[in-house]
Amino acid sequence: MKPAGFDSKDFVRNLSTAPGVYRMIAADDAVLYVGKASALKSRVSSYFNNTPKSARINAMISQIARIEVTATRTEAEALILENELIKSLKPRYNVLLRDDKSYPYVLLTGEDYPRIAVHRGPRAVQGRYFGPYASVGAVRETLNLMHKLFKVRSCEDTVFRNRSRPCLQFQIGRCSAPCVDLIAPDAYAQSVRRASMMLEGRSDELTNELGRAMEAASANLDFEEAARLRDLVTSIRTLQARQYVDGRAADLDVLAIAMQGACACVVLMAFRDGRNLGTRAFFPKTNGTDEADEVLGAFVSQHYVDKIPPREIVIDRDIPDRELLEQALSLAGERKVQIRCSVRGERAGYLDIAGRNAQMALASEMSSAAAQHARVESLRDLLGMQALPTRIECFDISHTMGEATVASCVVFDAEGALRGQYRRYNINGIKPGDDYAAMHQAIHRRFRRSMEARQPEADDARSTPDARARQVAAAILPDVLLIDG
């Protein structure tokens with residue numbers, strides 16, 4: 001099937017044979033598909049030859065208005081760029097990783113006396129971020145370890161700057177009280193550096209350094225310092241002894257997939273420096289005809305595109321372009337990364353556990369999805385609508401005794417909450433406590449943006465993927481608008 005209004009022969013004739021990325025775009029500028037190619041000319045031309053294709057591919061080709069290409073130096077670079085574009089553009093015909101939750105990280109701030117804390121959301125705070133972790137529980141366990149071993153502070157800067165005496169954390173041996181100068185700046189900086197080494201998975205290097213420092217302290221007759229370092233080394237080695245996998249300190253992710261129809265679930269078990277950081281389930285959006293190995297391959301490439309990958313990724317089945325993915329992830333992580341699909345021993349046991357969890361999570365998600373669909377059908381019947389609503393927006397007003405008025409908007413589609421499109425409006429210029437005026441202002445601002453987004457001059461906002469995504473979201477009108485009040 002040939003796309004209407006698009007001269008595929010002329011386009012392919014002028015294409016390069018270099019590796020790169022191609023973007024298929026519809027007449028309304030919506031990105032239909034993003035793909036990579038080791039040779040752009042042969043890959044793109046394969047869409048327009050006489051070989052039989054699936055109904056999904058034919059439907060996509062029929063909507064093509066133009067194709068944009070970006071040449072790269074290597075196929076590995078093309079893979080990295082492809083997945084960056086998939087995550088930012090969310091093409092209609094690609095397998096998409098749908099995950100509205102932000103990952104938890106361990107944050108080590110960049111101040112003179114750094115603090116260590118759990119962090120979610122944008123990396124607006126200056127400092128080093130370690131992770132991502134599979135759960136907040138794993139982050140808190142790590143923080144507990146850092147406070148116990150290295151006594152790095154956890155208090156906010158407002159508390160730190162105004163202390164006149166040590167807090168309870170110092171009394172129970174979990175902070176060295178830099179707020180009241182009970183530790184020298186150099187000694188605190190050394191504790192922070194050692195905590196960083198532990199978070200980076202360099203435990204063996206750390207214990208060797210501490211061992212040398214212990215011997216030096218003993219030689220200088222500083223037996224109290226030597227004893228403290230001895231206890232620290234013992235604690236770290238005890239921790240390592242409990243957490244080794246197959247005789248080595250593991251730095252790996254274990255991935256298993258379960259599929260039923262168009263629904264897919266990928267479960268990830270993360271290990272860093274031998275510590276189990278928890279388990280997390282993801283539900284990629286598929287096209288209904290994708291095979292499990294294709295979905296898992298898309299997940300691997302998209303999940304690690306903006307994260308430092310572990311040294312080893314264990315998967316429950318082989319995936320397309322596995323060797324190419326290894327090259328791309330090694331390039332991104334600046335270290336050798338292995339993707340293994342045939343394992344034995346403990347790793348095989350972890351794969352079995354991940355597979356069982358994937359089956360259970362998929363069953364739970366499908367049950368939840370069925371209940372969600374039933375609720376949407378009930379809403380349609382209640383409102384007398386002919387079709388199911390595809391977008392619902394809900395507005396509410398909150399304030400503190402009439403001051404600091406804020407309007408909040410939450411958004412739902414047929415699959416559930418769209419947290420990335422939630423909005424908050426600070427309300428100004430109204431009489432305190434006037435919820436009606438506040439709601440009027442919020443609704444006016446919301447739909448004024450929608451009308452502006454539909455104007456031709458709004459195309460300038462598409463200069464970046466994030467700006468374009470916000471513009472597209474603003475242009476969509478809801479099928480149902482719920483207002484509290």
# chains A, B, ... in the order shown; residues from 1 in each chain; ligands from 1
$ select_by_dssp --residues "stretch 347-483 of chain A" --states "strand (DSSP E or B)" --output "JSON, numbers by chain"
{"A": [392, 393, 394, 395, 396, 397, 398, 399, 400, 403, 404, 405, 406, 407, 408, 409, 410, 411, 412, 413, 416, 417, 423, 424, 425, 426, 480, 481, 482, 483]}
$ residues_around --residues "A:Leu168" --least-positions-apart "5" --cutoff "12 Å" --atoms "only C-alpha atoms" --output "PyMOL selection string"
chain A and resi 153-155+163+173-177
$ residues_around --residues "stretch 22-35 of chain A" --least-positions-apart "5" --cutoff "6 Å" --atoms "only C-alpha atoms" --output "list in words"
Gln63, Ile64, Ala65, Arg66, Ile67, Glu68, Val69, Pro91, Arg92, Tyr93 and Asn94 of chain A
$ write_last_selection --atoms "C-alpha atoms" --output "PDB file, in the first residue's frame"
ATOM      1  CA  GLN A  63      -1.006   7.872   6.638  1.00  0.00           C
ATOM      2  CA  ILE A  64       2.550   8.945   5.758  1.00  0.00           C
ATOM      3  CA  ALA A  65       2.787  12.539   4.517  1.00  0.00           C
ATOM      4  CA  ARG A  66       6.570  12.856   4.812  1.00  0.00           C
ATOM      5  CA  ILE A  67       9.617  11.083   6.233  1.00  0.00           C
ATOM      6  CA  GLU A  68      12.476  12.782   8.064  1.00  0.00           C
ATOM      7  CA  VAL A  69      15.855  11.101   8.469  1.00  0.00           C
ATOM      8  CA  PRO A  91       4.914   7.675  18.146  1.00  0.00           C
ATOM      9  CA  ARG A  92       1.579   5.981  17.557  1.00  0.00           C
ATOM     10  CA  TYR A  93       2.945   2.773  16.027  1.00  0.00           C
ATOM     11  CA  ASN A  94       5.979   2.162  18.282  1.00  0.00           C
TER      12      ASN A  94
END
$ select_by_dssp --residues "stretch 71-310 of chain A" --states "helix (DSSP H, G or I)" --output "PyMOL selection string"
chain A and resi 75-89+136-150+157-160+168-171+178-180+185-199+203-219+223-243+292-303
$ closest_residue --among "A:Lys87, A:Gln190, A:Tyr129, A:Asp434" --to "A:Glu209" --atoms "only C-alpha atoms"
A:Gln190
$ residues_around --residues "stretch 291-306 of chain A" --least-positions-apart "3" --cutoff "8 Å" --atoms "only C-alpha atoms" --output "count of residues only"
26
$ closest_residue --among "A:Val21, A:Met198, A:Ala76, A:Ala256" --to "A:Leu362" --atoms "only C-alpha atoms"
A:Ala256
$ decode --residues "stretch 207-233 of chain A" --atoms "N, CA, C and O atoms" --output "mmCIF file, in the first residue's frame"
data_model
loop_
_atom_site.group_PDB
_atom_site.id
_atom_site.type_symbol
_atom_site.label_atom_id
_atom_site.label_comp_id
_atom_site.auth_asym_id
_atom_site.auth_seq_id
_atom_site.Cartn_x
_atom_site.Cartn_y
_atom_site.Cartn_z
ATOM 1 N N THR A 207 37.180 -1.002 51.051
ATOM 2 C CA THR A 207 37.723 -1.771 52.176
ATOM 3 C C THR A 207 39.251 -1.815 52.128
ATOM 4 O O THR A 207 39.915 -1.776 53.178
ATOM 5 N N ASN A 208 39.828 -1.869 50.939
ATOM 6 C CA ASN A 208 41.295 -1.831 50.830
ATOM 7 C C ASN A 208 41.841 -0.491 51.333
ATOM 8 O O ASN A 208 42.851 -0.434 52.042
ATOM 9 N N GLU A 209 41.166 0.600 50.955
ATOM 10 C CA GLU A 209 41.599 1.925 51.409
ATOM 11 C C GLU A 209 41.484 2.043 52.921
ATOM 12 O O GLU A 209 42.384 2.554 53.595
ATOM 13 N N LEU A 210 40.364 1.577 53.469
ATOM 14 C CA LEU A 210 40.169 1.641 54.919
ATOM 15 C C LEU A 210 41.183 0.770 55.653
ATOM 16 O O LEU A 210 41.641 1.125 56.755
ATOM 17 N N GLY A 211 41.531 -0.373 55.061
ATOM 18 C CA GLY A 211 42.541 -1.235 55.672
ATOM 19 C C GLY A 211 43.893 -0.542 55.765
ATOM 20 O O GLY A 211 44.590 -0.630 56.799
ATOM 21 N N ARG A 212 44.273 0.161 54.695
ATOM 22 C CA ARG A 212 45.546 0.886 54.714
ATOM 23 C C ARG A 212 45.512 2.021 55.737
ATOM 24 O O ARG A 212 46.506 2.278 56.446
ATOM 25 N N ALA A 213 44.367 2.720 55.814
ATOM 26 C CA ALA A 213 44.234 3.804 56.795
ATOM 27 C C ALA A 213 44.288 3.259 58.223
ATOM 28 O O ALA A 213 44.859 3.896 59.121
ATOM 29 N N MET A 214 43.716 2.086 58.427
ATOM 30 C CA MET A 214 43.746 1.469 59.761
ATOM 31 C C MET A 214 45.178 1.136 60.160
ATOM 32 O O MET A 214 45.598 1.381 61.310
ATOM 33 N N GLU A 215 45.962 0.572 59.249
ATOM 34 C CA GLU A 215 47.342 0.230 59.543
ATOM 35 C C GLU A 215 48.162 1.487 59.821
ATOM 36 O O GLU A 215 49.021 1.505 60.719
ATOM 37 N N ALA A 216 47.888 2.568 59.069
ATOM 38 C CA ALA A 216 48.611 3.818 59.298
ATOM 39 C C ALA A 216 48.283 4.402 60.663
ATOM 40 O O ALA A 216 49.168 4.902 61.382
ATOM 41 N N ALA A 217 47.001 4.357 61.050
ATOM 42 C CA ALA A 217 46.600 4.860 62.358
ATOM 43 C C ALA A 217 47.237 4.050 63.483
ATOM 44 O O ALA A 217 47.677 4.596 64.505
ATOM 45 N N SER A 218 47.308 2.741 63.294
ATOM 46 C CA SER A 218 47.928 1.883 64.304
ATOM 47 C C SER A 218 49.419 2.186 64.424
ATOM 48 O O SER A 218 49.974 2.225 65.543
ATOM 49 N N ALA A 219 50.084 2.421 63.280
ATOM 50 C CA ALA A 219 51.507 2.730 63.312
ATOM 51 C C ALA A 219 51.780 4.056 64.012
ATOM 52 O O ALA A 219 52.834 4.234 64.642
ATOM 53 N N ASN A 220 50.815 4.985 63.944
ATOM 54 C CA ASN A 220 50.953 6.284 64.602
ATOM 55 C C ASN A 220 50.441 6.258 66.040
ATOM 56 O O ASN A 220 50.283 7.316 66.664
ATOM 57 N N LEU A 221 50.121 5.061 66.532
ATOM 58 C CA LEU A 221 49.638 4.857 67.906
ATOM 59 C C LEU A 221 48.271 5.506 68.162
ATOM 60 O O LEU A 221 47.907 5.763 69.302
ATOM 61 N N ASP A 222 47.539 5.773 67.072
ATOM 62 C CA ASP A 222 46.175 6.314 67.208
ATOM 63 C C ASP A 222 45.211 5.119 67.220
ATOM 64 O O ASP A 222 44.532 4.822 66.236
ATOM 65 N N PHE A 223 45.175 4.447 68.360
ATOM 66 C CA PHE A 223 44.455 3.182 68.419
ATOM 67 C C PHE A 223 42.933 3.364 68.370
ATOM 68 O O PHE A 223 42.221 2.480 67.908
ATOM 69 N N GLU A 224 42.423 4.488 68.840
ATOM 70 C CA GLU A 224 40.977 4.726 68.783
ATOM 71 C C GLU A 224 40.516 4.845 67.321
ATOM 72 O O GLU A 224 39.492 4.273 66.927
ATOM 73 N N GLU A 225 41.282 5.578 66.509
ATOM 74 C CA GLU A 225 40.945 5.710 65.091
ATOM 75 C C GLU A 225 41.091 4.369 64.376
ATOM 76 O O GLU A 225 40.273 3.998 63.529
ATOM 77 N N ALA A 226 42.141 3.628 64.737
ATOM 78 C CA ALA A 226 42.343 2.311 64.131
ATOM 79 C C ALA A 226 41.174 1.380 64.456
ATOM 80 O O ALA A 226 40.701 0.623 63.597
ATOM 81 N N ALA A 227 40.689 1.431 65.687
ATOM 82 C CA ALA A 227 39.555 0.585 66.081
ATOM 83 C C ALA A 227 38.288 0.995 65.341
ATOM 84 O O ALA A 227 37.483 0.142 64.927
ATOM 85 N N ARG A 228 38.095 2.305 65.156
ATOM 86 C CA ARG A 228 36.907 2.773 64.433
ATOM 87 C C ARG A 228 36.939 2.299 62.986
ATOM 88 O O ARG A 228 35.926 1.820 62.448
ATOM 89 N N LEU A 229 38.113 2.406 62.350
ATOM 90 C CA LEU A 229 38.250 1.948 60.974
ATOM 91 C C LEU A 229 38.100 0.431 60.875
ATOM 92 O O LEU A 229 37.521 -0.079 59.914
ATOM 93 N N ARG A 230 38.617 -0.280 61.871
ATOM 94 C CA ARG A 230 38.456 -1.745 61.889
ATOM 95 C C ARG A 230 36.978 -2.121 61.922
ATOM 96 O O ARG A 230 36.526 -3.006 61.184
ATOM 97 N N ASP A 231 36.207 -1.446 62.778
ATOM 98 C CA ASP A 231 34.772 -1.751 62.884
ATOM 99 C C ASP A 231 34.050 -1.414 61.583
ATOM 100 O O ASP A 231 33.109 -2.118 61.178
ATOM 101 N N LEU A 232 34.483 -0.337 60.919
ATOM 102 C CA LEU A 232 33.862 0.056 59.649
ATOM 103 C C LEU A 232 34.141 -0.997 58.580
ATOM 104 O O LEU A 232 33.236 -1.395 57.829
ATOM 105 N N VAL A 233 35.389 -1.463 58.498
ATOM 106 C CA VAL A 233 35.740 -2.504 57.530
ATOM 107 C C VAL A 233 34.956 -3.777 57.810
ATOM 108 O O VAL A 233 34.447 -4.428 56.889
#
